[in-house]
Amino acid sequence: MTFEITMPKLSDTMEEGTLISWKKGIGERVERGDIIAEVETDKANMELEAFASGVLLDVRVKPGERVPVGTVIAIVGEAGEKAEVKPVPQPELKGVEVEEIPPAAPEIPVLAVEEQKEKAEEPALTPSAEDKASPLVRRMARELGIDLHEVAGTGPEGRILREDLERFQMEGRLAGKRAGVPPLRAEPTVPLVGGKPQPLSRMRAAIARAVTASWRSIPHFSVSVEIDMGAAEGLYRSFREAGVSLTINDMIVKGTAMALLKFPNLNAAFTDDGIIIYPEINIGIAVSVEGGLLVPVVKGCRRLSLKEIAVKSRELIDRAREGKITETDISGGTFSVSNLGMFGVEAFSAVIYPSQAAILAVAAIRDTAVARDGRFDKARMMKVTLSADHRLVDGVDAARFLSELRKVLESPAMMLV
Amino acid sequence: MEFNDLGLMDFAEALAIQEQLVADVFKGSAPETVLLLEHLPVYTMGHGGSEENILDHSVKAVRINRGGDITYHGPGQLIGYPIIDLGRRGRDLHRYLRFLEELIIEVAGDFQVAACRVPGRTGVWTDSGKLASIGVGVRRWTTMHGFALNVTTDLNGFAAINPCGIAACPVTSLERLSGQSVPMEKVKEAVREHFVTLLNERLPVYT
């Protein structure tokens with residue numbers, strides 16, 4: 001598997017960058033975190049870190065050369081691999097390699113995961129059209145729903161520039177016709193009531209791509225259950241009193257991991273080549289951050305104790321909130337949990353993360369009147385809703401999984417053994 | 001935010017301090033810090049700089065990991081090396097450069113010197129030439145290097161080069177422009193006074 005290193009965007013106003021120097025040579029081993037190049041924008045230089053380990057197979061840009069943001073500047077892969085830009089086969093998570101999968105572009109962490117998928121889905125352009133546009137332009141075209149074959153390039157040797165795309169789009173608008181359905185910037189069918197469109201932040205664009213891909217390709221269905229969290233809250237309190245830092249969400253993650261052990265068909269992916277059951281349980285936790293959402297992944301949940309999950313999850317959430325999340329932190333997830341309990345929501349359903357089978361949407365724990373032995377009693381109830389991929393599992397599977405999860409959370413001592 | 005006055009210091013020694021601080025600030029084991037100092041005479045050049053901008057061939061420039069071409073540092077020039085974690089301040093290099101310019105414009109204003117930006121020519125300018133050079137390096141979004149503001153600098157040091165790669169670029173100093181003596185300590189004080197407010201205004205920490 002090869003990975004493209006692209007000219008990073010180091011400022012909202014950066015359109016081009018200069019490759020100043022290569023710190024690694026072709027054929028040289030690159031470890032994640034190594035400085036591989038220095039790039040410059042204006043009077044500021046950035047030491048470009050490798051976000052994937054491998055061998056530097058090719059460099060596409062010479063020192064002193066100035067290229068648009070997003071241009072592929074180097075290829076990293078395994079020794080002996082050909083340095084060709086090829087779409088990453090889907091799914092990228094396979095077998096036991098789940099944790100070893102190195103991430104792709106160092107450009108911006110949130111995007112990379114989706115970008116790999118996106119490339120796999122992208123209809124293959126003929127080499128000529130592909131050669132004639134930079135990755136940035138190709139991506140813009142994709143987002144705008146423009147077929148590059150229809151765009152006349154005005155750049156050197158007929159290269160398709162951003163301006164060409166923009167002009168093409170304008171012309172299309174004026175003529176009242178459009179090339180294809182834009183996947184992201186779908187225009188409303190009712191007239192806009194004033195207001196100017198705001199450009200998407202990179203995070204918003206990444207989220208938009210992930211959920212669009214998921215919603216379009218995965219037939220979602222959802223099943224809900226109510227869980228009595230009284231015992232879990234009791235355990236939570238006694239842990240707290242003992243000075244162990246732990247959240248209810250950590251217990252839900254642990255419970256989920258235990259239920260997935262029994263129902264591995266929900267820890268899976270549906271691919272064109274068949275169903276992949278992931279050998280490891282890596283649970284993504286949706287974390288809201290300024291301007292969007294990140295899903296850091298607690299890896300290796302199969303072997304982690306409740307306390308270990310709490311520690312790992314705390315670290316990941318802190319890093320996400322501080323903007324220090326790395327590509328590795330957010331890749332390799334096999335199942336996700338989204339918790340809106342802190343906002344007091346009664347119930348909700350979530351969109352499945354691409355290349356996963358299901359996502360658990362967790363609502364608030366509320367004082368609820370329940371009937372017990374013919375009497376009313378109050379209990380601390382929490383609704384959870386599992387969205388699942390119907391190609392992989394049926395309602396019965398979802399119900400069994402949820403029933404197992406309920407069993408664990410209602411008898412939380414099971415989590416400690 | 002800490003301000004650390006290093007006095008007059010050799011370039012290599014200050015670089016070693018910066019390297020250490022960058023690692024510590026990135027790890028979170030040191031607070032964001034601004035180093036204020038003066039250098040012994042030295043020429044430095046970004047890795048992307050061109051040897052053609054050295055006019056006097058006896059001049060040897062130290063190549064460093066900052067943006068920009070060749071420049072001169074020497075006593076009487078206030079060097080500011082802010083070690084700032086841009087990872088939590090929006091990750092935008094251009095915005096950081098504009099912040100440094102604004103800082104120096106405000107400091108110059110304190111000495112009744114009107115300075116400005118020239119679009120496309122990062123640095124701080126006046127109608128008599130360039131007052132301050134800016135060149136930044138970033139490692140894991142933590143900044144190093146920074147600005148060099150001529151206070152009482154012997155401007156002959158610039159004669160041997162095309163400052164910042166600009167041929168015959170006029171260079172000036174705060175003292176020359178204000179027409180009176182400008183004590184280095186007062187300039188450092190002005191930097192300390194403006195830095196934090198302006199930084200938090202231009203590059204707020206995202207929580």
# chains A, B, ... in the order shown; residues from 1 in each chain; ligands from 1
>>> interface_residues(of="chain A", to="chain B", cutoff="12 Å", atoms="only C-alpha atoms", output="PyMOL selection string")
chain A and resi 8-15+17-23+33-51+62-66+106-108+288-291+318-326
>>> write_last_selection(atoms="C-alpha atoms", output="CSV table (one decimal), in the first residue's frame")
chain,number,residue,atom,x,y,z
A,8,PRO,CA,0.1,20.8,3.3
A,9,LYS,CA,-2.2,23.8,3.8
A,10,LEU,CA,-0.5,25.8,6.5
A,11,SER,CA,-2.8,28.7,6.5
A,12,ASP,CA,-6.4,29.5,5.4
A,13,THR,CA,-4.8,31.9,2.9
A,14,MET,CA,-2.1,29.6,1.6
A,15,GLU,CA,-2.6,28.4,-2.0
A,17,GLY,CA,3.9,26.3,-1.0
A,18,THR,CA,7.6,26.0,-1.9
A,19,LEU,CA,9.4,22.7,-1.3
A,20,ILE,CA,12.6,23.9,0.4
A,21,SER,CA,14.5,20.7,1.0
A,22,TRP,CA,14.2,17.0,1.3
A,23,LYS,CA,15.4,15.6,4.6
A,33,GLY,CA,7.2,11.4,13.1
A,34,ASP,CA,10.4,11.8,11.1
A,35,ILE,CA,10.9,15.1,9.4
A,36,ILE,CA,11.0,14.3,5.7
A,37,ALA,CA,10.9,17.8,4.2
A,38,GLU,CA,10.8,21.5,4.8
A,39,VAL,CA,8.2,23.6,3.1
A,40,GLU,CA,7.8,27.3,3.0
A,41,THR,CA,4.9,29.6,2.7
A,42,ASP,CA,5.6,33.3,2.8
A,43,LYS,CA,8.4,33.8,5.5
A,44,ALA,CA,7.4,30.7,7.5
A,45,ASN,CA,8.9,27.2,7.1
A,46,MET,CA,7.3,24.1,8.3
A,47,GLU,CA,9.1,20.9,9.0
A,48,LEU,CA,7.0,18.3,7.4
A,49,GLU,CA,6.5,15.1,9.4
A,50,ALA,CA,5.8,11.7,8.1
A,51,PHE,CA,2.5,10.4,9.3
A,62,LYS,CA,12.3,19.4,-6.4
A,63,PRO,CA,13.8,21.8,-3.8
A,64,GLY,CA,12.9,25.4,-4.8
A,65,GLU,CA,9.8,24.3,-6.7
A,66,ARG,CA,6.5,26.0,-5.9
A,106,PRO,CA,-0.1,14.4,6.6
A,107,GLU,CA,-2.1,17.4,5.5
A,108,ILE,CA,-4.9,17.3,8.1
A,288,SER,CA,-17.5,17.3,19.7
A,289,VAL,CA,-14.8,19.9,19.1
A,290,GLU,CA,-14.8,23.5,18.0
A,291,GLY,CA,-16.3,23.5,14.5
A,318,ASP,CA,-8.1,15.6,25.8
A,319,ARG,CA,-5.9,15.4,22.6
A,320,ALA,CA,-9.0,15.9,20.5
A,321,ARG,CA,-10.1,19.0,22.4
A,322,GLU,CA,-6.6,20.4,22.4
A,323,GLY,CA,-6.3,20.0,18.7
A,324,LYS,CA,-3.4,17.5,19.1
A,325,ILE,CA,-5.1,14.5,17.7
A,326,THR,CA,-3.0,12.5,15.3
>>> select_by_dssp(residues="range 182-351 of chain A", states="helix (DSSP H, G or I)", output="VMD selection string")
chain A and resid 202 to 217 230 to 241 248 to 262 264 to 266 301 to 303 306 to 321 328 to 330 341 to 343
>>> write_last_selection(atoms="C-alpha atoms", output="mmCIF file, in the first residue's frame")
data_model
loop_
_atom_site.group_PDB
_atom_site.id
_atom_site.type_symbol
_atom_site.label_atom_id
_atom_site.label_comp_id
_atom_site.auth_asym_id
_atom_site.auth_seq_id
_atom_site.Cartn_x
_atom_site.Cartn_y
_atom_site.Cartn_z
ATOM 1 C CA ARG A 202 -11.909 21.338 6.318
ATOM 2 C CA MET A 203 -13.404 19.517 9.248
ATOM 3 C CA ARG A 204 -16.950 20.229 8.068
ATOM 4 C CA ALA A 205 -16.012 19.009 4.599
ATOM 5 C CA ALA A 206 -14.514 15.819 6.032
ATOM 6 C CA ILE A 207 -17.620 15.137 8.086
ATOM 7 C CA ALA A 208 -19.844 15.893 5.119
ATOM 8 C CA ARG A 209 -17.921 13.442 2.972
ATOM 9 C CA ALA A 210 -17.939 10.667 5.569
ATOM 10 C CA VAL A 211 -21.644 10.879 6.343
ATOM 11 C CA THR A 212 -22.632 11.270 2.694
ATOM 12 C CA ALA A 213 -20.615 8.195 1.745
ATOM 13 C CA SER A 214 -22.128 6.295 4.638
ATOM 14 C CA TRP A 215 -25.712 7.391 4.080
ATOM 15 C CA ARG A 216 -25.558 6.665 0.382
ATOM 16 C CA SER A 217 -23.996 3.235 0.580
ATOM 17 C CA GLY A 230 -28.739 2.349 38.595
ATOM 18 C CA ALA A 231 -26.107 -0.305 39.302
ATOM 19 C CA ALA A 232 -23.650 1.189 36.825
ATOM 20 C CA GLU A 233 -24.014 4.596 38.498
ATOM 21 C CA GLY A 234 -23.411 2.946 41.845
ATOM 22 C CA LEU A 235 -20.196 1.379 40.579
ATOM 23 C CA TYR A 236 -19.208 4.704 39.039
ATOM 24 C CA ARG A 237 -19.668 6.446 42.396
ATOM 25 C CA SER A 238 -17.663 3.893 44.342
ATOM 26 C CA PHE A 239 -14.829 4.120 41.802
ATOM 27 C CA ARG A 240 -14.883 7.886 42.108
ATOM 28 C CA GLU A 241 -14.762 7.707 45.874
ATOM 29 C CA ILE A 248 -20.262 6.422 32.557
ATOM 30 C CA ASN A 249 -19.197 6.502 28.928
ATOM 31 C CA ASP A 250 -16.125 4.392 29.741
ATOM 32 C CA MET A 251 -18.473 1.769 31.159
ATOM 33 C CA ILE A 252 -20.583 1.911 28.021
ATOM 34 C CA VAL A 253 -17.460 1.445 25.889
ATOM 35 C CA LYS A 254 -16.341 -1.492 28.015
ATOM 36 C CA GLY A 255 -19.832 -3.006 27.925
ATOM 37 C CA THR A 256 -19.949 -2.547 24.173
ATOM 38 C CA ALA A 257 -16.588 -4.302 23.773
ATOM 39 C CA MET A 258 -17.859 -7.215 25.855
ATOM 40 C CA ALA A 259 -21.062 -7.464 23.829
ATOM 41 C CA LEU A 260 -19.073 -7.305 20.580
ATOM 42 C CA LEU A 261 -16.982 -10.261 21.752
ATOM 43 C CA LYS A 262 -20.188 -12.284 21.769
ATOM 44 C CA PRO A 264 -18.575 -10.227 16.283
ATOM 45 C CA ASN A 265 -20.843 -9.786 13.262
ATOM 46 C CA LEU A 266 -21.390 -6.230 14.498
ATOM 47 C CA CYS A 301 -10.567 -3.047 23.663
ATOM 48 C CA ARG A 302 -10.602 -6.846 23.623
ATOM 49 C CA ARG A 303 -7.752 -6.868 26.125
ATOM 50 C CA LEU A 306 -12.377 -0.849 32.401
ATOM 51 C CA LYS A 307 -9.694 1.297 34.043
ATOM 52 C CA GLU A 308 -7.417 1.054 31.034
ATOM 53 C CA ILE A 309 -10.255 2.080 28.748
ATOM 54 C CA ALA A 310 -10.925 5.055 31.024
ATOM 55 C CA VAL A 311 -7.293 6.183 30.876
ATOM 56 C CA LYS A 312 -6.961 5.763 27.114
ATOM 57 C CA SER A 313 -10.245 7.421 26.421
ATOM 58 C CA ARG A 314 -9.404 10.395 28.664
ATOM 59 C CA GLU A 315 -6.104 10.925 26.829
ATOM 60 C CA LEU A 316 -7.748 10.737 23.420
ATOM 61 C CA ILE A 317 -10.548 13.135 24.321
ATOM 62 C CA ASP A 318 -8.055 15.621 25.770
ATOM 63 C CA ARG A 319 -5.939 15.434 22.645
ATOM 64 C CA ALA A 320 -8.999 15.918 20.461
ATOM 65 C CA ARG A 321 -10.105 18.979 22.407
ATOM 66 C CA THR A 328 -3.343 7.280 14.085
ATOM 67 C CA ASP A 329 -5.644 8.333 16.932
ATOM 68 C CA ILE A 330 -8.607 8.573 14.604
ATOM 69 C CA GLY A 341 -26.302 11.999 27.415
ATOM 70 C CA MET A 342 -24.730 15.154 28.827
ATOM 71 C CA PHE A 343 -27.215 17.189 26.792
#
>>> atom_distance(atom1="CA of Val59 in chain A", atom2="CA of Phe3 in chain A")
11.9 Å
>>> residues_around(residues="Ala12 in chain B", least_positions_apart="6", cutoff="10 Å", atoms="only C-alpha atoms", output="list of chain:residue names")
B:Gln18, B:His39, B:Val62
>>> select_by_dssp(residues="range 6-177 of chain B", states="strand (DSSP E or B)", output="PyMOL selection string")
chain B and resi 6-9+33-39+42-46+54+61-64+71-73+77-83+85+116-118+121-126+129-139+142-150+161+171
>>> residues_around(residues="Thr152 in chain B", least_positions_apart="5", cutoff="9 Å", atoms="only C-alpha atoms", output="number ranges by chain")
B: 75-78, 173-176, 181-184
>>> residues_around(residues="Ala160 in chain B", least_positions_apart="6", cutoff="10 Å", atoms="only C-alpha atoms", output="ChimeraX atom specification")
/B:43,53-59,71-72
>>> closest_residue(among="B:Asn200, B:Gln20, B:Ser50, B:Ser178", to="Phe111 in chain B", atoms="only C-alpha atoms")
B:Ser178
>>> atom_distance(atom1="CA of Asp389 in chain A", atom2="CA of Gly333 in chain A")
15.6 Å
>>> residues_around(residues="range 273-278 of chain A", least_positions_apart="3", cutoff="7 Å", atoms="only C-alpha atoms", output="count of residues only")
8
>>> atom_distance(atom1="CA of Leu36 in chain B", atom2="CA of Gly80 in chain B")
4.8 Å
>>> residues_around(residues="Phe3 in chain B", least_positions_apart="2", cutoff="8 Å", atoms="only C-alpha atoms", output="JSON, numbers by chain")
{"B": [1, 5, 33, 34, 35, 36, 192]}
